[in-house]
>>> print(open('input.cif').read())   # mmCIF, C-alpha atoms
data_start
loop_
_atom_site.label_atom_id
_atom_site.label_comp_id
_atom_site.auth_asym_id
_atom_site.auth_seq_id
_atom_site.Cartn_x
_atom_site.Cartn_y
_atom_site.Cartn_z
CA MET A 1 146.20 28.69 -68.85
CA LYS A 2 145.78 25.81 -66.38
CA LEU A 3 142.94 23.34 -67.01
CA LEU A 4 141.45 20.52 -64.94
CA VAL A 5 139.51 17.83 -66.86
CA VAL A 6 137.10 15.81 -64.69
CA ASP A 7 135.22 12.84 -66.16
CA SER A 8 134.56 9.18 -65.33
CA ASP A 9 135.41 8.27 -68.95
CA ARG A 10 139.16 7.68 -68.68
CA ASP A 11 139.66 7.32 -72.43
CA LEU A 12 138.02 10.69 -73.06
CA VAL A 13 140.06 12.34 -70.31
CA GLU A 14 143.33 10.94 -71.66
CA MET A 15 142.48 12.01 -75.22
CA LEU A 16 141.51 15.54 -74.20
CA THR A 17 144.55 15.88 -71.94
CA SER A 18 147.00 14.88 -74.66
CA TRP A 19 145.35 17.07 -77.29
CA LEU A 20 145.08 20.17 -75.09
CA LYS A 21 148.71 19.83 -74.02
CA THR A 22 149.78 19.95 -77.69
CA LEU A 23 148.01 23.34 -77.84
CA GLY A 24 150.11 24.67 -74.98
CA TYR A 25 147.66 24.30 -72.08
CA ASP A 26 148.77 23.09 -68.65
CA VAL A 27 146.32 20.21 -68.18
CA HIS A 28 145.51 18.10 -65.12
CA ARG A 29 142.94 15.34 -64.81
CA ALA A 30 140.67 13.54 -62.40
CA TYR A 31 138.26 10.62 -62.74
CA THR A 32 136.32 10.94 -59.47
CA VAL A 33 134.92 13.79 -57.40
CA GLU A 34 137.33 13.15 -54.52
CA HIS A 35 140.28 13.16 -56.92
CA ALA A 36 138.90 16.34 -58.50
CA LYS A 37 138.73 18.07 -55.11
CA THR A 38 142.37 17.25 -54.43
CA GLU A 39 143.53 18.46 -57.85
CA TRP A 40 141.36 21.58 -57.58
CA LEU A 41 143.06 22.62 -54.34
CA GLU A 42 146.59 21.58 -55.28
CA GLN A 43 146.68 22.82 -58.88
CA LYS A 44 144.35 25.86 -58.58
CA PRO A 45 143.14 25.63 -62.20
CA ASP A 46 141.85 28.58 -64.21
CA LEU A 47 139.16 26.43 -65.84
CA VAL A 48 137.54 23.12 -64.86
CA ILE A 49 136.01 21.02 -67.65
CA LEU A 50 133.53 18.80 -65.84
CA ASP A 51 131.03 16.07 -66.65
CA SER A 52 128.00 16.96 -64.49
CA ALA A 53 126.90 13.29 -64.55
CA ILE A 54 130.12 11.98 -62.98
CA LYS A 55 129.38 8.77 -61.09
CA ASP A 56 128.16 8.67 -57.46
CA ALA A 57 128.34 12.42 -56.83
CA ASP A 58 126.62 15.77 -57.19
CA ALA A 59 129.14 17.49 -59.44
CA LEU A 60 127.51 20.91 -59.26
CA LYS A 61 127.42 20.81 -55.48
CA MET A 62 131.11 19.91 -55.52
CA CYS A 63 131.81 22.94 -57.75
CA ARG A 64 130.06 25.31 -55.38
CA GLU A 65 132.01 23.87 -52.46
CA MET A 66 135.38 24.07 -54.20
CA ARG A 67 134.82 27.57 -55.59
CA SER A 68 134.64 28.85 -52.01
CA LYS A 69 138.23 27.60 -51.59
CA HIS A 70 139.63 28.42 -55.04
CA ASP A 71 137.48 30.18 -57.60
CA ALA A 72 137.73 28.76 -61.11
CA LEU A 73 135.75 28.94 -64.33
CA VAL A 74 133.55 25.88 -64.92
CA LEU A 75 132.64 24.41 -68.31
CA ILE A 76 130.10 21.59 -68.11
CA ALA A 77 130.48 18.88 -70.79
CA THR A 78 127.73 16.27 -70.47
CA ASP A 79 125.55 13.71 -72.25
CA GLY A 80 122.43 15.56 -71.06
CA LYS A 81 119.95 16.16 -73.88
CA ASP A 82 117.26 17.96 -71.90
CA VAL A 83 117.23 21.76 -72.21
CA GLN A 84 116.31 21.92 -68.51
CA ASP A 85 119.60 20.20 -67.68
CA GLU A 86 121.48 23.00 -69.42
CA VAL A 87 119.36 25.65 -67.67
CA HIS A 88 119.95 23.96 -64.30
CA CYS A 89 123.73 23.81 -64.81
CA LEU A 90 124.01 27.46 -65.86
CA ASN A 91 121.73 28.63 -63.03
CA SER A 92 123.82 26.59 -60.59
CA GLY A 93 126.99 28.50 -61.42
CA ALA A 94 128.49 26.92 -64.56
CA ASP A 95 130.10 29.45 -66.90
CA ASP A 96 129.31 27.49 -70.06
CA TYR A 97 127.74 24.22 -71.21
CA LEU A 98 128.69 21.79 -73.99
CA ARG A 99 126.75 18.69 -75.03
CA LYS A 100 128.52 15.42 -75.83
CA PRO A 101 129.53 14.24 -78.32
CA PHE A 102 131.41 17.33 -79.45
CA PHE A 103 134.15 18.12 -81.93
CA PRO A 104 137.52 19.18 -80.48
CA SER A 105 137.14 22.52 -82.26
CA GLN A 106 133.87 23.13 -80.36
CA LEU A 107 135.57 22.56 -77.02
CA LEU A 108 138.49 24.79 -77.96
CA ALA A 109 136.11 27.58 -79.02
CA ARG A 110 134.27 27.28 -75.68
CA ILE A 111 137.53 27.45 -73.70
CA ARG A 112 138.63 30.56 -75.57
CA ALA A 113 135.21 32.24 -75.26
CA VAL A 114 134.98 31.65 -71.50
CA SER A 115 138.55 32.95 -71.08
CA ARG A 116 137.75 36.13 -73.01
CA ARG A 117 134.67 36.80 -70.86
CA ALA A 118 136.70 36.21 -67.71
CA ARG A 119 139.41 38.67 -68.80
CA SER A 120 136.78 41.28 -69.65
CA THR A 121 135.19 40.85 -66.21
CA LEU A 122 138.56 41.23 -64.51
CA GLU A 123 139.26 44.44 -66.40
CA GLN A 124 135.92 45.90 -65.26
CA ARG A 125 136.05 44.56 -61.71
CA PRO A 126 136.43 47.16 -58.95
CA SER A 127 139.62 47.28 -56.90
CA SER A 128 140.25 44.30 -54.63
CA ILE A 129 140.96 46.78 -51.82
CA ILE A 130 138.08 48.77 -50.39
CA THR A 131 138.12 51.03 -47.34
CA VAL A 132 134.95 51.66 -45.34
CA GLY A 133 135.71 53.97 -42.43
CA SER A 134 138.29 52.25 -40.25
CA ILE A 135 137.88 48.92 -42.10
CA ARG A 136 140.17 48.01 -45.00
CA VAL A 137 139.19 44.91 -47.01
CA ASP A 138 141.69 43.19 -49.33
CA SER A 139 139.79 40.41 -51.12
CA LEU A 140 142.77 39.47 -53.30
CA HIS A 141 144.87 38.48 -50.27
CA ASN A 142 141.87 37.59 -48.07
CA GLU A 143 142.73 40.10 -45.36
CA VAL A 144 140.87 42.70 -43.35
CA SER A 145 142.26 45.35 -41.04
CA VAL A 146 140.33 47.36 -38.46
CA HIS A 147 142.12 50.49 -37.17
CA GLY A 148 145.28 49.03 -38.74
CA LYS A 149 145.02 45.66 -36.97
CA PRO A 150 145.03 42.87 -39.62
CA SER A 151 143.12 39.57 -39.62
CA ARG A 152 143.10 36.70 -42.08
CA LEU A 153 139.92 35.76 -43.93
CA THR A 154 138.87 32.58 -45.69
CA PRO A 155 138.24 32.98 -49.45
CA THR A 156 134.48 32.92 -48.83
CA GLU A 157 134.74 35.48 -46.03
CA GLY A 158 136.87 37.67 -48.29
CA LYS A 159 134.25 37.61 -51.08
CA LEU A 160 131.40 38.24 -48.65
CA LEU A 161 133.05 41.12 -46.82
CA HIS A 162 134.23 42.71 -50.08
CA PHE A 163 130.66 42.54 -51.42
CA LEU A 164 129.25 44.16 -48.29
CA ALA A 165 131.97 46.84 -48.34
CA THR A 166 131.40 47.59 -52.03
CA ASN A 167 127.75 48.22 -51.20
CA ALA A 168 128.32 49.99 -47.87
CA ASN A 169 125.14 51.54 -46.41
CA ASP A 170 123.03 49.62 -48.95
CA VAL A 171 121.11 46.50 -48.00
CA CYS A 172 122.44 43.27 -49.58
CA VAL A 173 119.61 40.76 -49.75
CA LEU A 174 120.22 37.06 -49.26
CA ASN A 175 119.88 35.95 -52.89
CA GLN A 176 122.32 38.71 -53.97
CA ILE A 177 124.85 37.41 -51.47
CA VAL A 178 124.45 33.82 -52.69
CA THR A 179 124.84 34.84 -56.35
CA HIS A 180 127.96 36.93 -55.67
CA VAL A 181 129.73 34.65 -53.20
CA TRP A 182 128.76 31.17 -54.39
CA GLY A 183 127.94 31.92 -58.01
CA TYR A 184 124.47 30.41 -58.41
CA ASP A 185 120.89 31.66 -58.35
CA GLY A 186 118.40 31.01 -55.58
CA ASP A 187 117.56 31.92 -52.03
CA GLY A 188 120.49 29.93 -50.71
CA ASP A 189 121.04 28.41 -47.31
CA GLU A 190 120.31 31.18 -44.81
CA SER A 191 122.03 29.28 -42.00
CA LEU A 192 125.24 29.09 -44.07
CA ILE A 193 125.19 32.85 -44.66
CA LYS A 194 124.54 33.46 -40.96
CA ALA A 195 127.54 31.31 -40.06
CA HIS A 196 129.88 33.34 -42.30
CA ILE A 197 128.45 36.62 -41.01
CA ARG A 198 129.05 35.43 -37.45
CA HIS A 199 132.67 34.57 -38.24
CA LEU A 200 133.21 37.98 -39.88
CA ARG A 201 131.78 39.76 -36.85
CA GLN A 202 134.18 37.90 -34.60
CA LYS A 203 137.05 39.29 -36.68
CA ILE A 204 135.99 42.92 -37.13
CA GLU A 205 133.46 43.86 -34.44
CA PRO A 206 134.57 45.28 -31.06
CA GLU A 207 131.59 43.41 -29.56
CA PRO A 208 130.42 40.66 -31.94
CA GLY A 209 127.17 40.28 -29.98
CA LYS A 210 126.40 43.98 -30.54
CA PRO A 211 127.46 44.56 -34.15
CA ARG A 212 128.27 48.08 -35.31
CA TYR A 213 129.76 47.39 -38.75
CA ILE A 214 127.81 44.44 -40.18
CA VAL A 215 124.17 44.76 -39.19
CA THR A 216 121.12 42.68 -39.96
CA VAL A 217 118.09 44.05 -41.74
CA PRO A 218 115.44 41.65 -40.34
CA GLY A 219 113.88 39.40 -42.96
CA VAL A 220 115.87 41.01 -45.79
CA GLY A 221 119.66 40.69 -45.52
CA TYR A 222 122.71 42.54 -44.25
CA THR A 223 124.44 45.88 -44.66
CA MET A 224 127.84 47.27 -43.78
CA VAL A 225 127.54 50.63 -42.05
CA ARG A 226 130.01 53.33 -43.01
CA HIS A 227 130.79 55.05 -39.68
CA SER A 228 131.89 58.66 -39.53
CA GLY A 229 134.32 60.03 -37.00
CA GLN A 230 131.50 61.17 -34.76
CA GLU A 231 129.73 58.63 -32.61
CA GLN A 232 126.34 60.35 -32.86
CA GLU A 233 126.33 60.12 -36.64
CA ALA A 234 127.18 56.42 -36.34
CA LYS A 235 124.23 55.91 -34.02
CA ASP A 236 121.97 57.75 -36.45
CA ALA A 237 123.10 55.43 -39.26
CA LEU A 238 122.37 52.33 -37.18
CA ARG A 239 119.04 53.33 -35.64
CA PRO A 240 116.70 52.65 -38.60
CA LEU A 241 118.35 49.30 -39.35
CA ARG A 242 117.78 47.73 -35.90
CA ALA A 243 121.06 45.79 -35.68
CA ILE A 244 120.51 42.22 -34.56
CA ALA A 245 123.27 39.70 -33.89
CA LEU A 246 122.38 36.33 -35.39
#
>>> encode(input="input.cif", output="structure tokens")
Amino acid sequence: MKLLVVDSDRDLVEMLTSWLKTLGYDVHRAYTVEHAKTEWLEQKPDLVILDSAIKDADALKMCREMRSKHDALVLIATDGKDVQDEVHCLNSGADDYLRKPFFPSQLLARIRAVSRRARSTLEQRPSSIITVGSIRVDSLHNEVSVHGKPSRLTPTEGKLLHFLATNANDVCVLNQIVTHVWGYDGDGDESLIKAHIRHLRQKIEPEPGKPRYIVTVPGVGYTMVRHSGQEQEAKDALRPLRAIAL
């Protein structure tokens, strides 16, 4: 298992790195957010152990940004004593939370517990490949093909399109999209979602300005329409949803 330890406390990072390596983990380290971003992309860790109070940065915002490029488990280890700090971290996408100071055995137990939950989720997760009519979505390789013509997707586009395809013909509301794609609760940034939807339409729609596959349900969210072989049935599926290009 590959770990990335991110903390401004260099002594703590060095101690944890040496100890975890003796246990057989592949451990990398960073002392700043910018260094953490570089290591996150280059090393593609399975788990990031992060101090949420790292200096001069919003660590949780950084996690949400980096998870759109390489998804990793996140364990927050912080000096925060307030229960609301723990609630905020978990609601913002952290997979677990550990208060400092902690015993090494506590950290090891947290690492193992998060790993077990992740494995269980992977075993229950639906196939990475979903076909909706003429559209084939491969979220594992971030690819989509329409009538056999392939296109590359960004990791975020892959997650978003896979989510819409999994729920084809059902409306996906904005907060559901944010929770699934970015991993935290809340209404999210609607303009950010619109931007990703626009990019997806450019890759899969015959006429992106007149979407047939990804349609907008005004004031609610988006849905992927499962088209049949007959054009009239496709029109019937679209009519009540009032497709609007955003």
>>> closest_atom_pairs(input="input.cif", of="region 68-92 of chain A", to="region 154-166 of chain A", cutoff="10 Å", atoms="all atoms listed in the file", output="Markdown table")
| residue | atom | partner | partner_atom | distance |
| --- | --- | --- | --- | --- |
| A:Ser68 | CA | A:Thr156 | CA | 5.2 |
| A:Lys69 | CA | A:Pro155 | CA | 5.8 |
| A:His70 | CA | A:Pro155 | CA | 7.3 |
| A:Asp71 | CA | A:Pro155 | CA | 8.7 |
>>> write_last_selection(input="input.cif", atoms="C-alpha atoms", output="PDB file, keeping the file's coordinate frame")
ATOM      1  CA  SER A  68     134.640  28.850 -52.010  1.00  0.00           C
ATOM      2  CA  LYS A  69     138.230  27.600 -51.590  1.00  0.00           C
ATOM      3  CA  HIS A  70     139.630  28.420 -55.040  1.00  0.00           C
ATOM      4  CA  ASP A  71     137.480  30.180 -57.600  1.00  0.00           C
TER       5      ASP A  71
END
>>> resolve_selection(input="input.cif", expression="the PyMOL selection byres ((chain A and resi 205) around 12)", output="ChimeraX atom specification")
/A:134-135,144-147,149,151,197-204,206-215,224-225,245
>>> atom_distance(input="input.cif", atom1="CA of Pro45 (chain A)", atom2="CA of Arg67 (chain A)")
10.8 Å
>>> atom_distance(input="input.cif", atom1="CA of Ile130 (chain A)", atom2="CA of Cys63 (chain A)")
27.6 Å
>>> atom_distance(input="input.cif", atom1="CA of Gly183 (chain A)", atom2="CA of Leu75 (chain A)")
13.6 Å
>>> closest_residue(input="input.cif", among="A:Leu153, A:Ala168, A:Val181, A:Ala77", to="Gly133 (chain A)", atoms="only C-alpha atoms")
A:Ala168
>>> closest_residue(input="input.cif", among="A:Asp82, A:Leu107, A:Glu39, A:Gly24", to="Val6 (chain A)", atoms="only C-alpha atoms")
A:Glu39
>>> residues_around(input="input.cif", residues="Pro101 (chain A)", least_positions_apart="6", cutoff="12 Å", atoms="all atoms listed in the file", output="ChimeraX atom specification")
/A:12,51,77-81,107
>>> resolve_selection(input="input.cif", expression="the PyMOL selection byres ((chain A and resi 140) around 8)", output="list in words")
Ser128, Ile129, Asp138, Ser139, His141, Asn142, Glu143 and Gly158 of chain A
>>> resolve_selection(input="input.cif", expression="the PyMOL selection byres ((chain A and resi 171) around 10)", output="PyMOL selection string")
chain A and resi 164+167-170+172-174+176+215-217+220-225+241
>>> closest_residue(input="input.cif", among="A:Val83, A:Val132, A:Val48, A:Val114", to="Val27 (chain A)", atoms="only C-alpha atoms")
A:Val48
>>> residues_around(input="input.cif", residues="Leu73 (chain A)", least_positions_apart="6", cutoff="7 Å", atoms="all atoms listed in the file", output="PyMOL selection string")
chain A and resi 46-48+95
>>> closest_residue(input="input.cif", among="A:Ile193, A:Leu41, A:Leu98, A:Ile54", to="Asn175 (chain A)", atoms="only C-alpha atoms")
A:Ile193
>>> axis_aligned_box(input="input.cif", around="region 214-230 of chain A", padding_each_side="8 Å", output="AutoDock Vina command-line options")
--center_x 124.1 --center_y 50.3 --center_z -40.3 --size_x 36.4 --size_y 37.8 --size_z 27.0
>>> closest_residue(input="input.cif", among="A:Asn91, A:Tyr31, A:Val137, A:Ser105", to="Asp11 (chain A)", atoms="all atoms listed in the file")
A:Tyr31
>>> closest_residue(input="input.cif", among="A:Met66, A:Leu60, A:Ala113, A:Leu108", to="Cys89 (chain A)", atoms="all atoms listed in the file")
A:Leu60
>>> build_atoms(input="input.cif", residues="region 1-16 of chain A", atoms="N, CA and C atoms", output="PDB file, keeping the file's coordinate frame")
ATOM      1  N   MET A   1     147.450  28.904 -69.569  1.00  0.00           N
ATOM      2  CA  MET A   1     146.200  28.690 -68.850  1.00  0.00           C
ATOM      3  C   MET A   1     146.177  27.274 -68.294  1.00  0.00           C
ATOM      4  N   LYS A   2     145.789  27.122 -67.029  1.00  0.00           N
ATOM      5  CA  LYS A   2     145.780  25.810 -66.380  1.00  0.00           C
ATOM      6  C   LYS A   2     144.365  25.230 -66.396  1.00  0.00           C
ATOM      7  N   LEU A   3     144.234  24.001 -66.894  1.00  0.00           N
ATOM      8  CA  LEU A   3     142.940  23.340 -67.010  1.00  0.00           C
ATOM      9  C   LEU A   3     142.892  22.099 -66.128  1.00  0.00           C
ATOM     10  N   LEU A   4     141.696  21.771 -65.648  1.00  0.00           N
ATOM     11  CA  LEU A   4     141.450  20.520 -64.940  1.00  0.00           C
ATOM     12  C   LEU A   4     140.291  19.823 -65.635  1.00  0.00           C
ATOM     13  N   VAL A   5     140.539  18.616 -66.167  1.00  0.00           N
ATOM     14  CA  VAL A   5     139.510  17.830 -66.860  1.00  0.00           C
ATOM     15  C   VAL A   5     139.016  16.754 -65.905  1.00  0.00           C
ATOM     16  N   VAL A   6     137.697  16.750 -65.640  1.00  0.00           N
ATOM     17  CA  VAL A   6     137.100  15.810 -64.690  1.00  0.00           C
ATOM     18  C   VAL A   6     136.009  15.023 -65.386  1.00  0.00           C
ATOM     19  N   ASP A   7     136.210  13.687 -65.495  1.00  0.00           N
ATOM     20  CA  ASP A   7     135.220  12.840 -66.160  1.00  0.00           C
ATOM     21  C   ASP A   7     135.477  11.396 -65.764  1.00  0.00           C
ATOM     22  N   SER A   8     134.408  10.600 -65.652  1.00  0.00           N
ATOM     23  CA  SER A   8     134.560   9.180 -65.330  1.00  0.00           C
ATOM     24  C   SER A   8     135.094   8.386 -66.524  1.00  0.00           C
ATOM     25  N   ASP A   9     134.951   8.927 -67.722  1.00  0.00           N
ATOM     26  CA  ASP A   9     135.410   8.270 -68.950  1.00  0.00           C
ATOM     27  C   ASP A   9     136.920   8.502 -69.093  1.00  0.00           C
ATOM     28  N   ARG A  10     137.710   7.529 -68.670  1.00  0.00           N
ATOM     29  CA  ARG A  10     139.160   7.680 -68.680  1.00  0.00           C
ATOM     30  C   ARG A  10     139.722   7.887 -70.085  1.00  0.00           C
ATOM     31  N   ASP A  11     139.158   7.177 -71.062  1.00  0.00           N
ATOM     32  CA  ASP A  11     139.660   7.320 -72.430  1.00  0.00           C
ATOM     33  C   ASP A  11     139.464   8.748 -72.936  1.00  0.00           C
ATOM     34  N   LEU A  12     138.291   9.316 -72.638  1.00  0.00           N
ATOM     35  CA  LEU A  12     138.020  10.690 -73.060  1.00  0.00           C
ATOM     36  C   LEU A  12     138.967  11.664 -72.362  1.00  0.00           C
ATOM     37  N   VAL A  13     139.172  11.460 -71.072  1.00  0.00           N
ATOM     38  CA  VAL A  13     140.060  12.340 -70.310  1.00  0.00           C
ATOM     39  C   VAL A  13     141.475  12.289 -70.871  1.00  0.00           C
ATOM     40  N   GLU A  14     141.967  11.086 -71.139  1.00  0.00           N
ATOM     41  CA  GLU A  14     143.330  10.940 -71.660  1.00  0.00           C
ATOM     42  C   GLU A  14     143.467  11.602 -73.034  1.00  0.00           C
ATOM     43  N   MET A  15     142.443  11.418 -73.879  1.00  0.00           N
ATOM     44  CA  MET A  15     142.480  12.010 -75.220  1.00  0.00           C
ATOM     45  C   MET A  15     142.483  13.537 -75.144  1.00  0.00           C
ATOM     46  N   LEU A  16     141.585  14.086 -74.327  1.00  0.00           N
ATOM     47  CA  LEU A  16     141.510  15.540 -74.200  1.00  0.00           C
ATOM     48  C   LEU A  16     142.789  16.111 -73.590  1.00  0.00           C
TER      49      LEU A  16
END
